[in-house]
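First up is the structure itself, then whatever we jot down about it.
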Amino acid sequence: MTERPTFPGTRPTDQPAPTDQPVPAEQVASAEQPAPGGEPADRATADLWAALGGSADLLGRVSFHGPGDVLPSGLPVRRLARATVAACSLAAAELAAHRTGGPVPAVRVDQGAVATAFVSERHLTVDGRTPVSFAPHSGFWRTADGWVRTHANYPHHRARLLAALDLPADAGPEELAKLLGELPAEQVQERAFEAGALAVAVAPVSATVHPLVESRVTGTAPVRPLGDAGPERPAAGIRVLDLTRVIAGPVATRTLALLGADVLRVDPPHLPEADDAHADTGFGKRSTRLDLADPADPADRAVFDGLLATADVLVTGYRPGALDAHGLTPDALSARHPGLIVAQLCAWGWTGPWAGRRGFDSLVQAGVGIAAHEAGPDGRPGVLPAQALDHGTGYLVAAAVLRALTEQRTGRPGGRHLRFSLAGTASWLLHGIPPEAPAPAASAEGTPDTEAYDPARWLAETDSAYGRLRHALPPIAYTGAPTDWSRPPGRWGTDAPVWR
């Protein structure tokens, strides 16, 4: 795996620590039309854009405005959030310029829109009902020597967790709490791991740094040309196979769908999906179910192979090696489908002893030290103000795919192999972004230098197969960008497995 030469969070030790200085003028002076007003691109945005291989000349197109007291945290979550959205917006604008033949549109990111989108699952209502984010068996639990974080939102994960701890299948949270209080945190973690359940001991801040983005070019095969497209649909005509679940991957593909891509999500028939989760992340996409693992009935695999043969992008969100048995290793895909962009996402990074473990945003926060960093005065572990690892990584994946699409058509042909992890995004948050300055006291009108934050400005309602949805609007922002998705989410797994 060949990495970009510089990654945020992995700077050489002879370089200074991250600072909160604006991007030097000489890096942005050549931008054709600077973005009007607002705060210019900061170091986090510049570092992220560099990690994606983007030209520093375009950073002058970026500015931020809107409420500045959003996503409050002891870590620079606001900066992470707005940088990932800005990089994704700039990548979309860059592709739009290629498709229209015009200049790169200005990117003007509203921090209020970003903050609302980063908690989209919390703003979702279905016919007035607010979904439950975490099930009763999910959360922080005191152990004999510390704390552990569990994730049991899916029924099969709850069943495995209880079985791993020798609890009856109908055991409630009280019984779980009593038992966990008698066991060491790492013992709970390892028993859960062996049983395929999800529990992670709350750890101090980790010194381990995972790369934020890994990218390599695979071959030199030409890619099919794209015709003209308006700035609101720079990914029109692009076909994306989506093999992702939960939040990070679906946010990435939801964003590509917003920008005009034909996104088809594919799930195995035996893995359940929560309707509320799909109602949040299924905008703009279609969804089908295919069984790739049944040798007695190869029909679904043949359908999948047909879809893959004409896809431009494959996005996967499974553990390292989980899809290898299906012939979906990056090298095998590159050999069979030259020009394909393969974007892979996992929880714990692509190397190291935890690479093969299951994980979710909340568990990675616990395992890398974010929960300990955000602990309260009583020592109880804390959380970020959003599932920022998920959402931030989602926009990062979408940005990298958009940049790859542009590169393929502007002198760098060939396929792409892109890798990301929640742990990599966590490393960047912990070690690569300068800390926030103390915020001025806020009032009902906002802080002295920003407007007040009201998420209602970035919420909309639409009818769907699930009922009337209130949902967060997309935060992608450049001149001519789409302001909403072209279609609401359909019922999960019910679309035909064909391209539009």
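Here, A, B, ... name the chains of the structure tokens in the order displayed, residue numbers run from 1 inside each chain, and ligands are numbered from 1 in the same displayed order.
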Picked from region 302-383 of chain A by DSSP as strand (DSSP E), as a list in words: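 These are the residues in question: Val313, Leu314, Val315, Thr316, Ile341, Val342, Ala343, Gln344, Leu345 and Cys346 of chain A.
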Could you save those same residues with N, CA and C atoms as a CSV table (one decimal), in the first residue's frame?
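Saved to selection05.csv:
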```csv
chain,number,residue,atom,x,y,z
A,313,VAL,N,-17.2,2.7,-9.3
A,313,VAL,CA,-16.8,2.9,-7.9
A,313,VAL,C,-17.4,1.7,-7.1
A,314,LEU,N,-16.6,1.1,-6.2
A,314,LEU,CA,-17.0,0.1,-5.3
A,314,LEU,C,-16.6,0.6,-3.9
A,315,VAL,N,-17.6,0.8,-3.0
A,315,VAL,CA,-17.3,1.3,-1.6
A,315,VAL,C,-17.7,0.2,-0.7
A,316,THR,N,-16.7,-0.3,0.2
A,316,THR,CA,-17.0,-1.4,1.1
A,316,THR,C,-16.7,-0.9,2.5
A,341,ILE,N,-12.5,2.3,-9.1
A,341,ILE,CA,-12.1,2.9,-7.9
A,341,ILE,C,-12.7,2.1,-6.7
A,342,VAL,N,-11.8,1.5,-5.9
A,342,VAL,CA,-12.2,0.7,-4.8
A,342,VAL,C,-11.8,1.5,-3.5
A,343,ALA,N,-12.9,1.9,-2.8
A,343,ALA,CA,-12.7,2.6,-1.5
A,343,ALA,C,-13.1,1.7,-0.4
A,344,GLN,N,-12.2,1.4,0.5
A,344,GLN,CA,-12.4,0.5,1.7
A,344,GLN,C,-12.4,1.3,3.0
A,345,LEU,N,-13.4,0.9,3.8
A,345,LEU,CA,-13.5,1.6,5.1
A,345,LEU,C,-13.6,0.5,6.2
A,346,CYS,N,-12.9,0.7,7.3
A,346,CYS,CA,-13.0,-0.2,8.4
A,346,CYS,C,-12.9,0.6,9.7
```
Find the residues near Arg380 (chain A): any atom within 10 Å, counting only C-alpha atoms, skip ones fewer than 5 places away on the same chain, and give them as a PyMOL selection string. chain A and resi 140-142+146-147+371-372+374-375
May I have the residues from that selection written out with all heavy atoms, as a tab-separated table (two decimals), in the first residue's frame?
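Full text of again_25.tsv as output:
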```tsv
chain	number	residue	atom	x	y	z
A	140	PHE	N	-21.93	2.86	28.26
A	140	PHE	CA	-20.82	2.70	29.20
A	140	PHE	C	-21.31	1.94	30.43
A	140	PHE	O	-22.40	2.19	30.94
A	140	PHE	CB	-20.29	4.06	29.64
A	140	PHE	CG	-19.55	4.81	28.57
A	140	PHE	CD1	-20.09	5.98	28.04
A	140	PHE	CD2	-18.32	4.37	28.09
A	140	PHE	CE1	-19.42	6.68	27.06
A	140	PHE	CE2	-17.65	5.06	27.10
A	140	PHE	CZ	-18.20	6.23	26.59
A	141	TRP	N	-20.44	1.04	30.91
A	141	TRP	CA	-20.76	0.25	32.11
A	141	TRP	C	-19.52	0.22	33.01
A	141	TRP	O	-18.41	0.01	32.53
A	141	TRP	CB	-21.15	-1.19	31.74
A	141	TRP	CG	-22.21	-1.26	30.68
A	141	TRP	CD1	-22.02	-1.27	29.34
A	141	TRP	CD2	-23.62	-1.35	30.89
A	141	TRP	NE1	-23.22	-1.36	28.68
A	141	TRP	CE2	-24.23	-1.40	29.61
A	141	TRP	CE3	-24.44	-1.40	32.03
A	141	TRP	CZ2	-25.61	-1.50	29.44
A	141	TRP	CZ3	-25.81	-1.49	31.85
A	141	TRP	CH2	-26.38	-1.54	30.58
A	142	ARG	N	-19.75	0.42	34.29
A	142	ARG	CA	-18.64	0.32	35.24
A	142	ARG	C	-18.25	-1.14	35.40
A	142	ARG	O	-19.11	-2.01	35.51
A	142	ARG	CB	-19.02	0.93	36.58
A	142	ARG	CG	-17.82	1.09	37.52
A	142	ARG	CD	-18.24	1.70	38.85
A	142	ARG	NE	-18.60	3.11	38.73
A	142	ARG	CZ	-17.73	4.10	38.70
A	142	ARG	NH1	-16.42	3.84	38.76
A	142	ARG	NH2	-18.13	5.35	38.61
A	146	GLY	N	-12.62	-0.43	36.03
A	146	GLY	CA	-12.71	0.71	35.12
A	146	GLY	C	-14.05	0.78	34.44
A	146	GLY	O	-15.10	0.67	35.08
A	147	TRP	N	-14.02	0.93	33.11
A	147	TRP	CA	-15.24	1.08	32.33
A	147	TRP	C	-15.12	0.29	31.04
A	147	TRP	O	-14.03	0.07	30.51
A	147	TRP	CB	-15.48	2.55	31.98
A	147	TRP	CG	-15.77	3.43	33.16
A	147	TRP	CD1	-14.87	4.05	33.97
A	147	TRP	CD2	-17.07	3.77	33.66
A	147	TRP	NE1	-15.51	4.77	34.94
A	147	TRP	CE2	-16.87	4.62	34.77
A	147	TRP	CE3	-18.38	3.47	33.28
A	147	TRP	CZ2	-17.93	5.17	35.50
A	147	TRP	CZ3	-19.44	4.01	33.99
A	147	TRP	CH2	-19.20	4.84	35.09
A	371	ALA	N	-13.01	8.72	24.74
A	371	ALA	CA	-13.95	8.66	25.86
A	371	ALA	C	-13.28	9.07	27.17
A	371	ALA	O	-13.88	9.77	28.00
A	371	ALA	CB	-14.53	7.25	25.98
A	372	ALA	N	-12.04	8.65	27.37
A	372	ALA	CA	-11.31	9.04	28.57
A	372	ALA	C	-10.97	10.53	28.54
A	372	ALA	O	-11.06	11.23	29.56
A	372	ALA	CB	-10.03	8.21	28.70
A	374	GLU	N	-12.66	12.87	27.22
A	374	GLU	CA	-13.88	13.65	27.40
A	374	GLU	C	-14.60	13.30	28.71
A	374	GLU	O	-15.76	13.69	28.89
A	374	GLU	CB	-14.82	13.40	26.23
A	374	GLU	CG	-14.26	13.81	24.88
A	374	GLU	CD	-14.06	15.31	24.75
A	374	GLU	OE1	-15.02	16.00	24.40
A	374	GLU	OE2	-12.92	15.78	25.02
A	375	ALA	N	-13.94	12.57	29.61
A	375	ALA	CA	-14.57	12.15	30.87
A	375	ALA	C	-14.99	13.36	31.70
A	375	ALA	O	-14.37	14.42	31.66
A	375	ALA	CB	-13.61	11.27	31.66
```
As JSON, numbers by chain, please: the residues near region 228-237 of chain A (cut-off 12 Å, only C-alpha atoms, same-chain neighbours under 5 positions excluded). {"A": [89, 90, 91, 92, 93, 94, 95, 96, 97, 98, 99, 100, 101, 102, 103, 104, 105, 106, 253, 255, 256, 257, 258, 259, 260, 261, 262, 263, 310, 311, 312, 313, 398, 399, 401, 402, 403, 404, 405, 406, 476, 477, 478, 479, 480, 481, 482, 483, 484, 485, 486, 499, 500]}
With the cut-off set at 12 Å and counting only C-alpha atoms, tabulate each residue of region 183-261 of chain A with an atom at most that distance from an atom of region 83-87 of chain A, showing the nearest atom pair and its distance in Å to one decimal, ordered by chain and increasing number, as CSV.
```
residue,atom,partner,partner_atom,distance
A:Leu212,CA,A:Thr84,CA,11.5
A:Val251,CA,A:Val85,CA,11.5
A:Ala252,CA,A:Val85,CA,10.9
A:Thr255,CA,A:Val85,CA,10.2
```
I'd like the contact shell of region 181-186 of chain A - 12 Å cut-off, only C-alpha atoms, skipping same-chain residues fewer than 2 positions apart - returned as an MDAnalysis selection string. chainID A and resid 140:150 165 174:179 188:193 199:203 366:367
Writing out the chosen residues with N, CA, C and O atoms as a CSV table (one decimal), in the first residue's frame:
```
chain,number,residue,atom,x,y,z
A,140,PHE,N,-21.9,2.9,28.3
A,140,PHE,CA,-20.8,2.7,29.2
A,140,PHE,C,-21.3,1.9,30.4
A,140,PHE,O,-22.4,2.2,30.9
A,141,TRP,N,-20.4,1.0,30.9
A,141,TRP,CA,-20.8,0.3,32.1
A,141,TRP,C,-19.5,0.2,33.0
A,141,TRP,O,-18.4,0.0,32.5
A,142,ARG,N,-19.8,0.4,34.3
A,142,ARG,CA,-18.6,0.3,35.2
A,142,ARG,C,-18.3,-1.1,35.4
A,142,ARG,O,-19.1,-2.0,35.5
A,143,THR,N,-17.0,-1.4,35.4
A,143,THR,CA,-16.5,-2.7,35.6
A,143,THR,C,-15.7,-2.8,36.9
A,143,THR,O,-15.6,-1.8,37.6
A,144,ALA,N,-15.1,-3.9,37.2
A,144,ALA,CA,-14.4,-4.1,38.5
A,144,ALA,C,-13.2,-3.2,38.6
A,144,ALA,O,-12.7,-2.8,39.7
A,145,ASP,N,-12.6,-2.8,37.4
A,145,ASP,CA,-11.4,-2.0,37.4
A,145,ASP,C,-11.5,-0.8,36.5
A,145,ASP,O,-10.4,-0.2,36.1
A,146,GLY,N,-12.6,-0.4,36.0
A,146,GLY,CA,-12.7,0.7,35.1
A,146,GLY,C,-14.1,0.8,34.4
A,146,GLY,O,-15.1,0.7,35.1
A,147,TRP,N,-14.0,0.9,33.1
A,147,TRP,CA,-15.2,1.1,32.3
A,147,TRP,C,-15.1,0.3,31.0
A,147,TRP,O,-14.0,0.1,30.5
A,148,VAL,N,-16.3,-0.1,30.5
A,148,VAL,CA,-16.3,-0.8,29.2
A,148,VAL,C,-17.5,-0.1,28.4
A,148,VAL,O,-18.5,0.3,29.0
A,149,ARG,N,-17.3,-0.1,27.1
A,149,ARG,CA,-18.4,0.4,26.2
A,149,ARG,C,-18.9,-0.8,25.4
A,149,ARG,O,-18.1,-1.5,24.8
A,150,THR,N,-20.2,-1.0,25.4
A,150,THR,CA,-20.8,-2.0,24.6
A,150,THR,C,-21.7,-1.4,23.5
A,150,THR,O,-22.1,-0.3,23.5
A,165,LEU,N,-21.3,-13.5,28.0
A,165,LEU,CA,-21.2,-13.3,29.4
A,165,LEU,C,-22.0,-14.3,30.2
A,165,LEU,O,-22.2,-14.2,31.4
A,174,GLU,N,-30.2,-4.2,33.9
A,174,GLU,CA,-29.8,-4.3,35.3
A,174,GLU,C,-28.9,-5.5,35.5
A,174,GLU,O,-27.9,-5.5,36.3
A,175,GLU,N,-29.3,-6.7,34.9
A,175,GLU,CA,-28.5,-7.9,35.1
A,175,GLU,C,-27.1,-7.7,34.5
A,175,GLU,O,-26.1,-8.2,35.0
A,176,LEU,N,-27.1,-7.1,33.3
A,176,LEU,CA,-25.9,-6.9,32.6
A,176,LEU,C,-24.9,-6.0,33.5
A,176,LEU,O,-23.8,-6.3,33.6
A,177,ALA,N,-25.5,-4.9,34.0
A,177,ALA,CA,-24.7,-4.0,34.8
A,177,ALA,C,-24.1,-4.7,36.1
A,177,ALA,O,-23.0,-4.5,36.4
A,178,LYS,N,-24.9,-5.5,36.7
A,178,LYS,CA,-24.4,-6.2,37.9
A,178,LYS,C,-23.2,-7.1,37.6
A,178,LYS,O,-22.2,-7.1,38.3
A,179,LEU,N,-23.4,-7.9,36.5
A,179,LEU,CA,-22.3,-8.8,36.1
A,179,LEU,C,-21.0,-8.0,35.7
A,179,LEU,O,-19.9,-8.4,36.1
A,188,VAL,N,-13.9,-8.6,29.9
A,188,VAL,CA,-15.2,-8.4,29.2
A,188,VAL,C,-14.9,-8.2,27.7
A,188,VAL,O,-15.6,-8.8,26.8
A,189,GLN,N,-14.0,-7.4,27.4
A,189,GLN,CA,-13.7,-7.0,26.0
A,189,GLN,C,-13.3,-8.3,25.2
A,189,GLN,O,-13.8,-8.5,24.1
A,190,GLU,N,-12.4,-9.1,25.8
A,190,GLU,CA,-11.9,-10.3,25.1
A,190,GLU,C,-13.0,-11.4,25.0
A,190,GLU,O,-13.0,-12.1,24.0
A,191,ARG,N,-13.8,-11.6,26.0
A,191,ARG,CA,-14.9,-12.5,25.9
A,191,ARG,C,-15.8,-12.1,24.8
A,191,ARG,O,-16.3,-13.0,24.1
A,192,ALA,N,-16.1,-10.9,24.7
A,192,ALA,CA,-17.0,-10.4,23.7
A,192,ALA,C,-16.4,-10.6,22.3
A,192,ALA,O,-17.1,-11.1,21.4
A,193,PHE,N,-15.2,-10.3,22.2
A,193,PHE,CA,-14.5,-10.5,20.9
A,193,PHE,C,-14.6,-11.9,20.4
A,193,PHE,O,-14.9,-12.2,19.3
A,199,ALA,N,-17.7,-5.2,22.7
A,199,ALA,CA,-17.5,-4.5,23.9
A,199,ALA,C,-16.0,-4.1,23.9
A,199,ALA,O,-15.1,-4.9,23.5
A,200,VAL,N,-15.7,-2.9,24.3
A,200,VAL,CA,-14.3,-2.4,24.3
A,200,VAL,C,-14.0,-1.7,25.6
A,200,VAL,O,-14.8,-0.8,26.1
A,201,ALA,N,-12.9,-2.0,26.3
A,201,ALA,CA,-12.5,-1.3,27.5
A,201,ALA,C,-12.1,0.1,27.2
A,201,ALA,O,-11.5,0.4,26.2
A,202,VAL,N,-12.6,1.0,28.1
A,202,VAL,CA,-12.2,2.4,27.9
A,202,VAL,C,-10.7,2.6,28.2
A,202,VAL,O,-10.3,2.3,29.3
A,203,ALA,N,-10.0,3.1,27.3
A,203,ALA,CA,-8.5,3.2,27.4
A,203,ALA,C,-8.1,4.7,27.4
A,203,ALA,O,-8.8,5.6,27.0
A,366,ALA,N,-14.0,4.8,22.6
A,366,ALA,CA,-13.6,4.2,23.8
A,366,ALA,C,-12.2,3.7,23.7
A,366,ALA,O,-11.4,3.8,24.6
A,367,GLY,N,-11.9,3.0,22.6
A,367,GLY,CA,-10.7,2.2,22.5
A,367,GLY,C,-9.4,3.1,22.3
A,367,GLY,O,-8.3,2.7,22.6
```
What lies within 9 Å of Thr425 (chain A) using only C-alpha atoms, ignoring chain neighbours under 2 positions off, as a ChimeraX atom specification? /A:80,210-213,388-390,392-393,420-423,427-430
If we count only C-alpha atoms, what is near Asn153 (chain A) at a cut-off of 12 Å, once residues fewer than 5 positions away on the same chain are taken out, given as a ChimeraX atom specification? /A:132-139,158-161,197-198,246,272-274,276-277,360,362
Which residue, A:Ala309, A:Ala207, A:Val114, A:Leu292, has the smallest gap to Gly369 (chain A) when you use only C-alpha atoms?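 Selected residue with least distance to Gly369 (chain A): A:Ala207.
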Provide the CA of Leu333 (chain A) to CA of Gly306 (chain A) distance in Å, to one decimal place.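 Pair CA of Leu333 (chain A) / CA of Gly306 (chain A) returns 13.2 Å.
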So how many Å separate CA of His151 (chain A) and CA of Ala164 (chain A), to one decimal?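 It comes out at 13.4 Å.
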Taking the chain letters and numbering used in this document, name the residues of region 127-215 of chain A that DSSP puts in helix (DSSP H, G or I), as a PyMOL selection string. chain A and resi 155-164+173-180+185-194
Need to verify the contact set: Phe118 (chain A), 12 Å, only C-alpha atoms, exclusion of same-chain residues closer than 4 positions in sequence. Can you return it as an MDAnalysis selection string? chainID A and resid 70:71 77:78 80:82 84:85 111:114 122:124 247:248 251 280:281 384:395 455 458 471:476
Output for the residues just chosen: N, CA and C atoms as a CSV table (one decimal), in the first residue's frame:
```csv
chain,number,residue,atom,x,y,z
A,70,VAL,N,-20.7,25.6,17.6
A,70,VAL,CA,-21.3,24.4,17.3
A,70,VAL,C,-20.4,23.2,17.7
A,71,LEU,N,-21.0,22.0,18.0
A,71,LEU,CA,-20.2,20.8,18.3
A,71,LEU,C,-19.2,21.1,19.3
A,77,VAL,N,-13.6,19.1,17.4
A,77,VAL,CA,-14.6,18.4,16.6
A,77,VAL,C,-15.2,19.3,15.5
A,78,ARG,N,-15.4,20.6,15.9
A,78,ARG,CA,-16.0,21.5,14.9
A,78,ARG,C,-15.0,21.7,13.7
A,80,LEU,N,-12.7,19.4,12.7
A,80,LEU,CA,-12.8,18.2,11.9
A,80,LEU,C,-14.0,18.2,11.0
A,81,ALA,N,-15.1,18.5,11.6
A,81,ALA,CA,-16.4,18.4,10.8
A,81,ALA,C,-16.4,19.3,9.6
A,82,ARG,N,-16.0,20.6,9.8
A,82,ARG,CA,-16.1,21.5,8.7
A,82,ARG,C,-15.0,21.3,7.7
A,84,THR,N,-13.8,18.3,6.8
A,84,THR,CA,-14.2,17.1,5.9
A,84,THR,C,-15.3,17.6,5.0
A,85,VAL,N,-16.2,18.4,5.4
A,85,VAL,CA,-17.3,18.9,4.5
A,85,VAL,C,-16.7,19.8,3.5
A,111,GLN,N,-21.2,26.5,8.9
A,111,GLN,CA,-21.0,25.6,10.1
A,111,GLN,C,-22.2,25.1,10.7
A,112,GLY,N,-23.3,25.9,10.6
A,112,GLY,CA,-24.6,25.4,11.2
A,112,GLY,C,-25.1,24.2,10.4
A,113,ALA,N,-25.0,24.2,9.1
A,113,ALA,CA,-25.4,23.1,8.2
A,113,ALA,C,-24.5,21.9,8.5
A,114,VAL,N,-23.2,22.1,8.7
A,114,VAL,CA,-22.3,21.0,9.1
A,114,VAL,C,-22.7,20.4,10.4
A,122,ARG,N,-30.0,12.1,14.8
A,122,ARG,CA,-30.7,12.6,16.0
A,122,ARG,C,-31.8,13.5,15.6
A,123,HIS,N,-31.7,14.2,14.4
A,123,HIS,CA,-32.8,15.1,14.0
A,123,HIS,C,-33.9,14.3,13.2
A,124,LEU,N,-33.6,13.1,12.8
A,124,LEU,CA,-34.6,12.3,12.0
A,124,LEU,C,-35.8,12.1,12.9
A,247,ILE,N,-23.3,4.0,9.5
A,247,ILE,CA,-23.2,5.5,9.3
A,247,ILE,C,-22.1,5.9,8.3
A,248,ALA,N,-20.9,5.6,8.6
A,248,ALA,CA,-19.8,6.2,7.8
A,248,ALA,C,-19.9,5.9,6.3
A,251,VAL,N,-23.0,7.4,4.7
A,251,VAL,CA,-22.9,8.9,4.6
A,251,VAL,C,-22.1,9.2,3.3
A,280,ASP,N,-32.4,7.4,7.5
A,280,ASP,CA,-31.5,8.5,7.6
A,280,ASP,C,-30.5,8.6,6.5
A,281,THR,N,-29.9,7.4,6.1
A,281,THR,CA,-28.8,7.4,5.2
A,281,THR,C,-29.1,6.9,3.8
A,384,LEU,N,-18.1,12.4,22.2
A,384,LEU,CA,-18.1,13.6,21.3
A,384,LEU,C,-19.5,14.0,21.1
A,385,PRO,N,-19.7,15.3,20.7
A,385,PRO,CA,-21.0,15.8,20.6
A,385,PRO,C,-21.7,15.3,19.4
A,386,ALA,N,-21.1,14.5,18.6
A,386,ALA,CA,-21.6,13.8,17.4
A,386,ALA,C,-20.9,12.5,17.2
A,387,GLN,N,-21.4,11.6,16.4
A,387,GLN,CA,-20.6,10.5,16.0
A,387,GLN,C,-19.7,11.0,14.9
A,388,ALA,N,-18.8,11.8,15.3
A,388,ALA,CA,-18.0,12.6,14.3
A,388,ALA,C,-17.0,11.7,13.6
A,389,LEU,N,-16.6,10.6,14.1
A,389,LEU,CA,-15.7,9.7,13.4
A,389,LEU,C,-16.4,9.1,12.2
A,390,ASP,N,-17.7,8.7,12.4
A,390,ASP,CA,-18.5,8.2,11.4
A,390,ASP,C,-18.7,9.2,10.3
A,391,HIS,N,-19.3,10.3,10.7
A,391,HIS,CA,-19.7,11.3,9.7
A,391,HIS,C,-18.5,11.9,9.0
A,392,GLY,N,-17.5,12.2,9.8
A,392,GLY,CA,-16.3,12.8,9.2
A,392,GLY,C,-15.6,11.9,8.2
A,393,THR,N,-15.5,10.6,8.5
A,393,THR,CA,-14.9,9.6,7.6
A,393,THR,C,-15.8,9.5,6.4
A,394,GLY,N,-17.1,9.5,6.6
A,394,GLY,CA,-18.0,9.5,5.4
A,394,GLY,C,-17.8,10.5,4.4
A,395,TYR,N,-17.6,11.8,4.8
A,395,TYR,CA,-17.4,12.9,3.9
A,395,TYR,C,-15.9,12.8,3.3
A,455,PRO,N,-30.8,24.6,14.6
A,455,PRO,CA,-30.8,23.6,13.6
A,455,PRO,C,-32.0,23.5,12.7
A,458,TRP,N,-31.7,24.1,8.9
A,458,TRP,CA,-31.1,23.1,8.0
A,458,TRP,C,-31.9,21.7,8.1
A,471,HIS,N,-35.7,15.5,8.2
A,471,HIS,CA,-34.3,15.1,8.0
A,471,HIS,C,-33.4,16.3,7.9
A,472,ALA,N,-32.1,16.1,8.1
A,472,ALA,CA,-31.1,17.1,7.9
A,472,ALA,C,-30.8,17.3,6.5
A,473,LEU,N,-30.6,18.5,6.1
A,473,LEU,CA,-30.2,18.8,4.7
A,473,LEU,C,-28.7,18.6,4.5
A,474,PRO,N,-28.3,18.4,3.3
A,474,PRO,CA,-26.9,18.1,3.0
A,474,PRO,C,-26.1,19.4,3.3
A,475,PRO,N,-24.8,19.3,3.8
A,475,PRO,CA,-24.0,20.4,4.1
A,475,PRO,C,-23.1,20.8,3.0
A,476,ILE,N,-23.0,20.0,1.9
A,476,ILE,CA,-22.1,20.3,0.8
A,476,ILE,C,-22.5,21.6,0.2
```
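For the residues A:Gly356, A:Gly172, A:Gly349, A:Gly54, ranking by smallest atom-to-atom distance to Ala426 (chain A) using only C-alpha atoms places A:Gly349 first.
Among the candidate residues A:Trp49, A:Trp492, A:Tyr466, A:Tyr318, the one lying nearest to Ala347 (chain A) is A:Tyr318, with distances computed using only C-alpha atoms.
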Pick the closest to Asp69 (chain A) from A:Asp127, A:Asp454, A:Glu121, A:Asp242: which is it, counting only C-alpha atoms?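 Among the listed residues, the smallest separation from Asp69 (chain A) belongs to A:Asp454.
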Atom pair CA of Leu307 (chain A) + CA of Leu241 (chain A), distance 7.8 Å
